[in-house]
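So this block is query37.txt, compact mmCIF, C-alpha atoms:
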# COMPACT_ATOMS: atom_id res chain seq x y z
CA MET A 571 -135.70 -15.21 72.40
CA LEU A 572 -133.18 -15.32 69.66
CA THR A 573 -133.44 -18.01 67.16
CA ASP A 574 -130.51 -20.25 66.29
CA LEU A 575 -129.86 -18.34 63.14
CA SER A 576 -129.84 -15.00 64.92
CA PHE A 577 -127.50 -16.39 67.58
CA ARG A 578 -125.00 -17.60 64.94
CA ARG A 579 -125.05 -14.22 63.27
CA VAL A 580 -124.30 -12.49 66.55
CA LEU A 581 -121.36 -14.82 67.22
CA ARG A 582 -119.99 -14.38 63.71
CA ALA A 583 -120.20 -10.58 64.01
CA SER A 584 -118.41 -10.67 67.41
CA GLY A 585 -115.53 -12.84 66.00
CA VAL A 586 -114.99 -10.56 63.03
CA ALA A 587 -114.88 -7.52 65.32
CA ALA A 588 -112.30 -9.18 67.59
CA LEU A 589 -110.20 -10.19 64.59
CA LEU A 590 -110.25 -6.64 63.21
CA SER A 591 -109.33 -5.23 66.62
CA GLY A 592 -106.30 -7.53 66.93
CA THR A 593 -105.10 -6.69 63.42
CA ALA A 594 -105.31 -2.98 64.21
CA VAL A 595 -103.20 -3.45 67.36
CA LEU A 596 -100.49 -5.38 65.47
CA THR A 597 -100.40 -2.75 62.72
CA ALA A 598 -100.02 0.05 65.23
CA PHE A 599 -97.20 -1.81 67.02
CA ALA A 600 -95.35 -2.41 63.77
CA GLN A 601 -95.58 1.25 62.80
CA THR A 602 -94.30 2.46 66.15
CA PRO A 603 -90.58 3.60 65.74
CA PRO A 604 -88.03 1.78 67.89
CA ALA A 605 -86.90 3.51 70.99
CA ALA A 606 -83.68 5.50 70.56
CA LYS A 607 -80.62 3.70 71.85
CA ALA A 608 -78.86 5.14 74.81
CA PRO A 609 -75.82 7.15 73.78
CA ALA A 610 -72.55 5.28 74.10
CA ALA A 611 -70.47 6.12 77.06
CA ALA A 612 -67.84 8.76 76.35
CA PRO A 613 -64.39 7.27 75.83
CA ALA A 614 -62.18 7.41 78.79
CA ALA A 615 -59.84 10.36 78.86
CA ALA A 616 -56.47 9.60 77.26
CA ALA A 617 -53.89 8.67 79.78
CA PRO A 618 -51.22 11.39 80.23
CA ALA A 619 -47.95 10.77 78.36
CA LYS A 620 -45.39 9.01 80.47
CA ALA A 621 -42.28 10.85 81.40
CA ALA A 622 -39.09 10.00 79.48
CA THR A 623 -37.47 6.89 80.87
CA PRO A 624 -33.80 6.77 81.91
CA ALA A 625 -33.06 4.77 78.73
CA VAL A 626 -34.33 7.64 76.55
CA ALA A 627 -32.35 10.16 78.57
CA ALA A 628 -29.26 8.01 78.18
CA ALA A 629 -29.83 7.84 74.42
CA ALA A 630 -29.98 11.62 74.27
CA THR A 631 -26.73 11.84 76.21
CA SER A 632 -25.00 9.27 73.94
CA GLU A 633 -25.26 11.66 71.01
CA SER A 634 -21.86 12.97 72.14
CA SER A 635 -20.26 9.55 71.57
CA ILE A 636 -18.27 9.24 68.35
CA ARG A 637 -16.49 6.21 66.85
CA VAL A 638 -12.71 6.61 66.57
CA LEU A 639 -9.87 4.75 64.84
CA VAL A 640 -6.42 4.49 66.43
CA LEU A 641 -3.51 5.24 64.07
CA PRO A 642 0.27 5.16 64.51
CA ALA A 643 2.31 8.31 65.03
CA GLY A 644 3.79 7.70 61.58
CA GLU A 645 3.98 4.94 59.00
CA THR A 646 5.84 4.25 55.78
CA VAL A 647 6.69 1.58 53.23
CA LEU A 648 10.39 0.91 52.74
CA ALA A 649 11.25 0.08 49.14
CA SER A 650 14.45 -1.23 47.62
CA PRO A 651 16.57 1.69 46.36
CA VAL A 652 18.65 -0.55 44.08
CA PRO A 653 18.04 -3.81 42.22
CA GLY A 654 19.70 -6.86 43.71
CA ARG A 655 19.39 -9.86 45.99
CA ILE A 656 18.42 -9.66 49.66
CA ALA A 657 21.27 -11.06 51.74
CA LYS A 658 19.49 -10.92 55.12
CA LEU A 659 16.41 -9.57 56.88
CA HIS A 660 17.22 -8.24 60.35
CA VAL A 661 13.62 -7.72 61.52
CA TRP A 662 10.50 -9.80 62.00
CA LEU A 663 6.82 -9.05 62.27
CA GLY A 664 6.06 -6.79 65.25
CA VAL A 665 9.67 -6.65 66.47
CA PRO A 666 10.66 -3.14 67.68
CA PHE A 667 13.74 -1.40 66.30
CA ARG A 668 15.69 1.79 66.93
CA GLN A 669 16.46 4.64 64.56
CA GLY A 670 19.49 3.83 62.41
CA ASP A 671 19.27 0.04 62.87
CA VAL A 672 19.93 -2.02 59.74
CA LEU A 673 16.64 -3.62 58.70
CA VAL A 674 17.59 -5.21 55.35
CA SER A 675 21.02 -6.11 53.95
CA MET A 676 21.37 -6.37 50.18
CA ASP A 677 24.01 -8.36 48.32
CA CYS A 678 26.58 -5.70 47.32
CA ASP A 679 29.22 -7.75 45.52
CA GLU A 680 28.50 -6.16 42.15
CA PRO A 681 28.47 -2.51 43.34
CA GLN A 682 31.68 -3.12 45.28
CA ALA A 683 33.34 -4.50 42.14
CA ARG A 684 32.15 -1.48 40.16
CA LEU A 685 33.54 0.78 42.87
CA ALA A 686 36.94 -0.88 42.59
CA MET A 687 36.88 -0.35 38.80
CA ALA A 688 35.89 3.29 39.26
CA LYS A 689 38.73 3.87 41.70
CA ALA A 690 41.21 2.38 39.20
CA ASP A 691 39.85 4.65 36.47
CA GLN A 692 40.17 7.63 38.78
CA ALA A 693 43.78 6.81 39.56
CA SER A 694 44.59 6.44 35.85
CA ALA A 695 42.85 9.70 34.98
CA THR A 696 44.71 11.49 37.76
CA ASP A 697 48.07 10.22 36.50
CA GLN A 698 47.28 11.33 32.95
CA TYR A 699 46.23 14.75 34.15
CA GLU A 700 49.43 15.22 36.14
CA ALA A 701 51.49 14.08 33.11
CA LYS A 702 49.69 16.59 30.88
CA LEU A 703 50.46 19.34 33.38
CA ARG A 704 54.18 18.49 33.28
CA MET A 705 54.12 18.31 29.50
CA GLN A 706 52.37 21.68 29.38
CA GLY A 707 55.27 23.15 31.38
CA LEU A 708 57.60 21.85 28.69
CA ASP A 709 55.36 23.21 25.93
CA GLN A 710 54.58 19.65 24.85
CA ALA A 711 50.85 19.70 25.70
CA SER A 712 48.21 22.22 24.78
CA ASP A 713 45.67 23.80 27.07
CA VAL A 714 42.95 21.70 25.44
CA GLU A 715 44.76 18.47 26.29
CA VAL A 716 45.16 19.55 29.89
CA ALA A 717 41.46 20.49 30.10
CA LEU A 718 40.40 17.13 28.68
CA ALA A 719 42.59 15.32 31.20
CA ALA A 720 41.04 17.33 34.03
CA SER A 721 37.55 16.43 32.79
CA ALA A 722 38.46 12.73 32.79
CA VAL A 723 39.56 13.03 36.42
CA ALA A 724 36.27 14.70 37.39
CA LYS A 725 34.27 12.02 35.60
CA ALA A 726 36.16 9.19 37.30
CA LYS A 727 35.65 10.87 40.69
CA ALA A 728 31.91 11.13 40.06
CA GLN A 729 31.77 7.42 39.20
CA VAL A 730 33.46 6.60 42.50
CA GLN A 731 30.89 8.71 44.40
CA LEU A 732 28.02 7.03 42.55
CA TYR A 733 29.14 3.50 43.44
CA LYS A 734 29.81 4.51 47.05
CA TYR A 735 26.22 5.76 47.26
CA GLN A 736 24.89 2.52 45.78
CA ILE A 737 26.85 0.52 48.33
CA SER A 738 25.44 2.64 51.14
CA GLN A 739 21.95 1.72 49.90
CA CYS A 740 22.74 -1.96 50.32
CA SER A 741 22.14 -1.48 54.06
CA ILE A 742 18.57 -0.23 54.52
CA ARG A 743 18.26 1.49 57.89
CA ALA A 744 15.32 2.47 60.10
CA PRO A 745 14.25 6.12 59.67
CA TRP A 746 12.94 6.29 63.27
CA ASP A 747 12.02 4.11 66.26
CA GLY A 748 9.15 1.78 65.52
CA ARG A 749 7.92 -1.70 64.69
CA THR A 750 7.50 -3.84 61.60
CA ALA A 751 3.88 -4.08 60.47
CA LYS A 752 4.31 -6.21 57.33
CA LEU A 753 7.03 -8.12 55.48
CA HIS A 754 6.77 -8.08 51.69
CA VAL A 755 9.95 -10.09 51.02
CA ARG A 756 12.14 -12.84 52.45
CA SER A 757 15.86 -13.42 52.59
CA PHE A 758 17.61 -14.34 49.32
CA MET A 759 14.81 -12.90 47.17
CA THR A 760 15.81 -10.87 44.13
CA VAL A 761 14.09 -7.49 44.01
CA THR A 762 13.92 -4.57 41.63
CA ALA A 763 14.48 -0.90 42.40
CA GLY A 764 11.36 0.55 44.01
CA GLN A 765 9.89 -2.81 45.07
CA PRO A 766 8.24 -2.66 48.56
CA LEU A 767 10.17 -4.46 51.29
CA LEU A 768 8.69 -3.57 54.71
CA ASP A 769 5.73 -1.70 56.21
CA LEU A 770 6.82 0.24 59.29
CA VAL A 771 4.85 2.01 62.03
CA ARG A 772 6.43 4.65 64.20
CA SER A 773 6.59 4.52 67.98
CA GLY A 774 5.28 7.42 70.02
CA LEU A 775 1.96 8.98 70.94
CA LEU A 776 -0.81 7.28 68.99
CA LEU A 777 -3.14 9.31 66.80
CA MET A 778 -6.90 9.02 66.39
CA LYS A 779 -9.18 10.10 63.59
CA LEU A 780 -12.88 10.76 64.01
CA ASN A 781 -15.71 12.68 62.35
CA VAL A 782 -17.90 14.83 64.57
CA PRO A 783 -21.08 16.78 63.72
CA SER A 784 -20.31 20.09 62.04
CA SER A 785 -22.60 21.82 64.58
CA TRP A 786 -19.85 21.28 67.16
CA ILE A 787 -17.44 23.59 65.36
CA SER A 788 -18.46 26.60 67.43
CA THR A 789 -17.72 24.75 70.67
CA LEU A 790 -14.82 22.50 69.67
CA LYS A 791 -11.35 23.92 70.36
CA MET A 792 -7.75 22.87 69.78
CA GLY A 793 -6.34 21.15 72.84
CA GLN A 794 -9.78 20.13 74.11
CA THR A 795 -9.63 16.93 76.15
CA PHE A 796 -12.02 13.98 76.04
CA ASP A 797 -12.14 10.29 76.98
CA VAL A 798 -11.79 7.34 74.63
CA ALA A 799 -13.13 3.87 75.47
CA ILE A 800 -11.18 1.30 73.42
CA ASP A 801 -13.11 -1.83 72.44
CA GLU A 802 -10.15 -4.23 72.39
CA THR A 803 -8.84 -3.38 75.88
CA GLY A 804 -12.09 -2.41 77.58
CA LYS A 805 -10.34 0.58 79.14
CA THR A 806 -10.82 4.34 78.93
CA TYR A 807 -7.94 6.68 78.08
CA PRO A 808 -7.61 10.48 78.02
CA ALA A 809 -7.02 12.15 74.65
CA MET A 810 -6.70 15.65 73.24
CA VAL A 811 -7.81 17.35 70.02
CA HIS A 812 -4.67 17.89 67.93
CA ARG A 813 -5.92 19.09 64.53
CA ILE A 814 -9.26 20.25 63.08
CA ASN A 815 -9.95 19.98 59.37
CA GLY A 816 -10.54 23.25 57.57
CA ARG A 817 -13.49 21.92 55.55
CA VAL A 818 -16.88 20.42 56.43
CA ASP A 819 -18.14 17.40 54.51
CA PRO A 820 -21.32 18.75 52.86
CA VAL A 821 -22.85 15.27 52.44
CA SER A 822 -22.53 13.92 55.98
CA GLN A 823 -22.42 17.36 57.65
CA THR A 824 -19.37 16.29 59.69
CA ILE A 825 -15.85 17.61 60.18
CA GLU A 826 -12.74 15.47 60.57
CA LEU A 827 -10.62 15.68 63.70
CA GLU A 828 -7.17 14.33 64.55
CA ALA A 829 -6.44 13.67 68.21
CA THR A 830 -3.54 12.27 70.22
CA MET A 831 -3.27 10.30 73.42
CA THR A 832 -1.96 12.36 76.31
CA LYS A 833 0.77 9.77 76.93
CA SER A 834 2.00 6.39 75.66
CA TYR A 835 0.15 3.21 76.63
CA PRO A 836 1.89 -0.13 75.95
CA ASP A 837 -1.42 -2.00 75.60
CA LEU A 838 -2.64 0.16 72.71
CA LEU A 839 -1.83 -0.70 69.10
CA PRO A 840 -2.60 0.98 65.78
CA GLY A 841 -5.79 -0.31 64.19
CA MET A 842 -7.78 -0.53 67.42
CA SER A 843 -11.09 1.33 67.61
CA GLY A 844 -13.43 2.66 70.23
CA VAL A 845 -15.78 5.46 71.24
CA ALA A 846 -14.84 9.04 72.04
CA LYS A 847 -17.01 10.65 74.71
CA PHE A 848 -17.35 14.42 74.63
CA THR A 849 -19.08 16.45 77.31
CA GLY A 850 -20.80 19.79 76.93
CA MET A 851 -21.13 19.55 73.14
CA ARG A 852 -24.24 20.68 71.28
Have the structure of the file written as structure tokens, please.
Amino acid sequence: MLTDLSFRRVLRASGVAALLSGTAVLTAFAQTPPAAKAPAAAPAAAAPAKAATPAVAAAATSESSIRVLVLPAGETVLASPVPGRIAKLHVWLGVPFRQGDVLVSMDCDEPQARLAMAKADQASATDQYEAKLRMQGLDQASDVEVALAASAVAKAKAQVQLYKYQISQCSIRAPWDGRTAKLHVRSFMTVTAGQPLLDLVRSGLLLMKLNVPSSWISTLKMGQTFDVAIDETGKTYPAMVHRINGRVDPVSQTIELEATMTKSYPDLLPGMSGVAKFTGMR
């Protein structure tokens, strides 16, 4: 039989062995590398690109749409040919007129008085010339005197023509059929020669100006027709290429066109704008 001391020694030895065994297990577990993670699932295949929507197709088609500006068939600024006072304006803003109509009447009292004086001088010069001719037949006037008298007659005649022309300028007439776009003056105003009086726009087929891509030059032809949608009226009108500029703008890579409407439309006015729609251009 084991004594108490031997028994305690056996127990102590067994506990130390168990403790060492547990420590060895923990150390082995700690040194064991972690299990490799499962590879991540492969990303789903990219979805195929969607087909172009109708909006994109429409945008590609709209590349043949160009902004346009409507212009009159002709326009000018009437200025006063002579200094004076305006007696009467015969037109108003936007009122149509016919070629040859009197638009502005100037006060012509002074030119008419000068014309009367010039006519009197002409009559006097003519009488003196005729008297010199008679005197020359009687050897009482020299050839020089007769020549000077003839020059005085010519000068007086020229003065009469000058004042007649000035009087004709007192009635300022319309150069063509059209409308008044702007009034610079009013009745009874005093104006100087060359001072603007009226802005006029000509009636007739309206013009349009637009800039198109220079790549169209190989396809674009004189007389080519296209449609124009005007913003102000909301309507579409047919038009035709009238002129093509002979030079391309190197900065914007465009070329300027001038087009005309195929006929007159009462609802269209100069200054309107819209979109020109060309087909078959590239």
Atomic distance atom CA of Ala649 of chain A - atom CA of Val761 of chain A, expressed in Å with one decimal:
9.6 Å
Neighbour list for segment 633-645 of chain A as a PyMOL selection string, cut-off 7 Å, all atoms listed in the file, skip fewer than 2 positions in-chain
chain A and resi 629-631+770-780+782+840-849+851
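The space between atom CA of Ser721 of chain A and atom CA of Ala701 of chain A spans 14.1 Å.
Of the listed residues A:Leu768, A:Arg817, A:Gln823, A:Ile800, the one whose atoms come nearest to Leu838 of chain A is A:Ile800, with distances taken using only C-alpha atoms.
Counting only C-alpha atoms and comparing A:Val652, A:Val755, A:Ala695, A:Ala728, the residue that lies closest to Val716 of chain A is A:Ala695.
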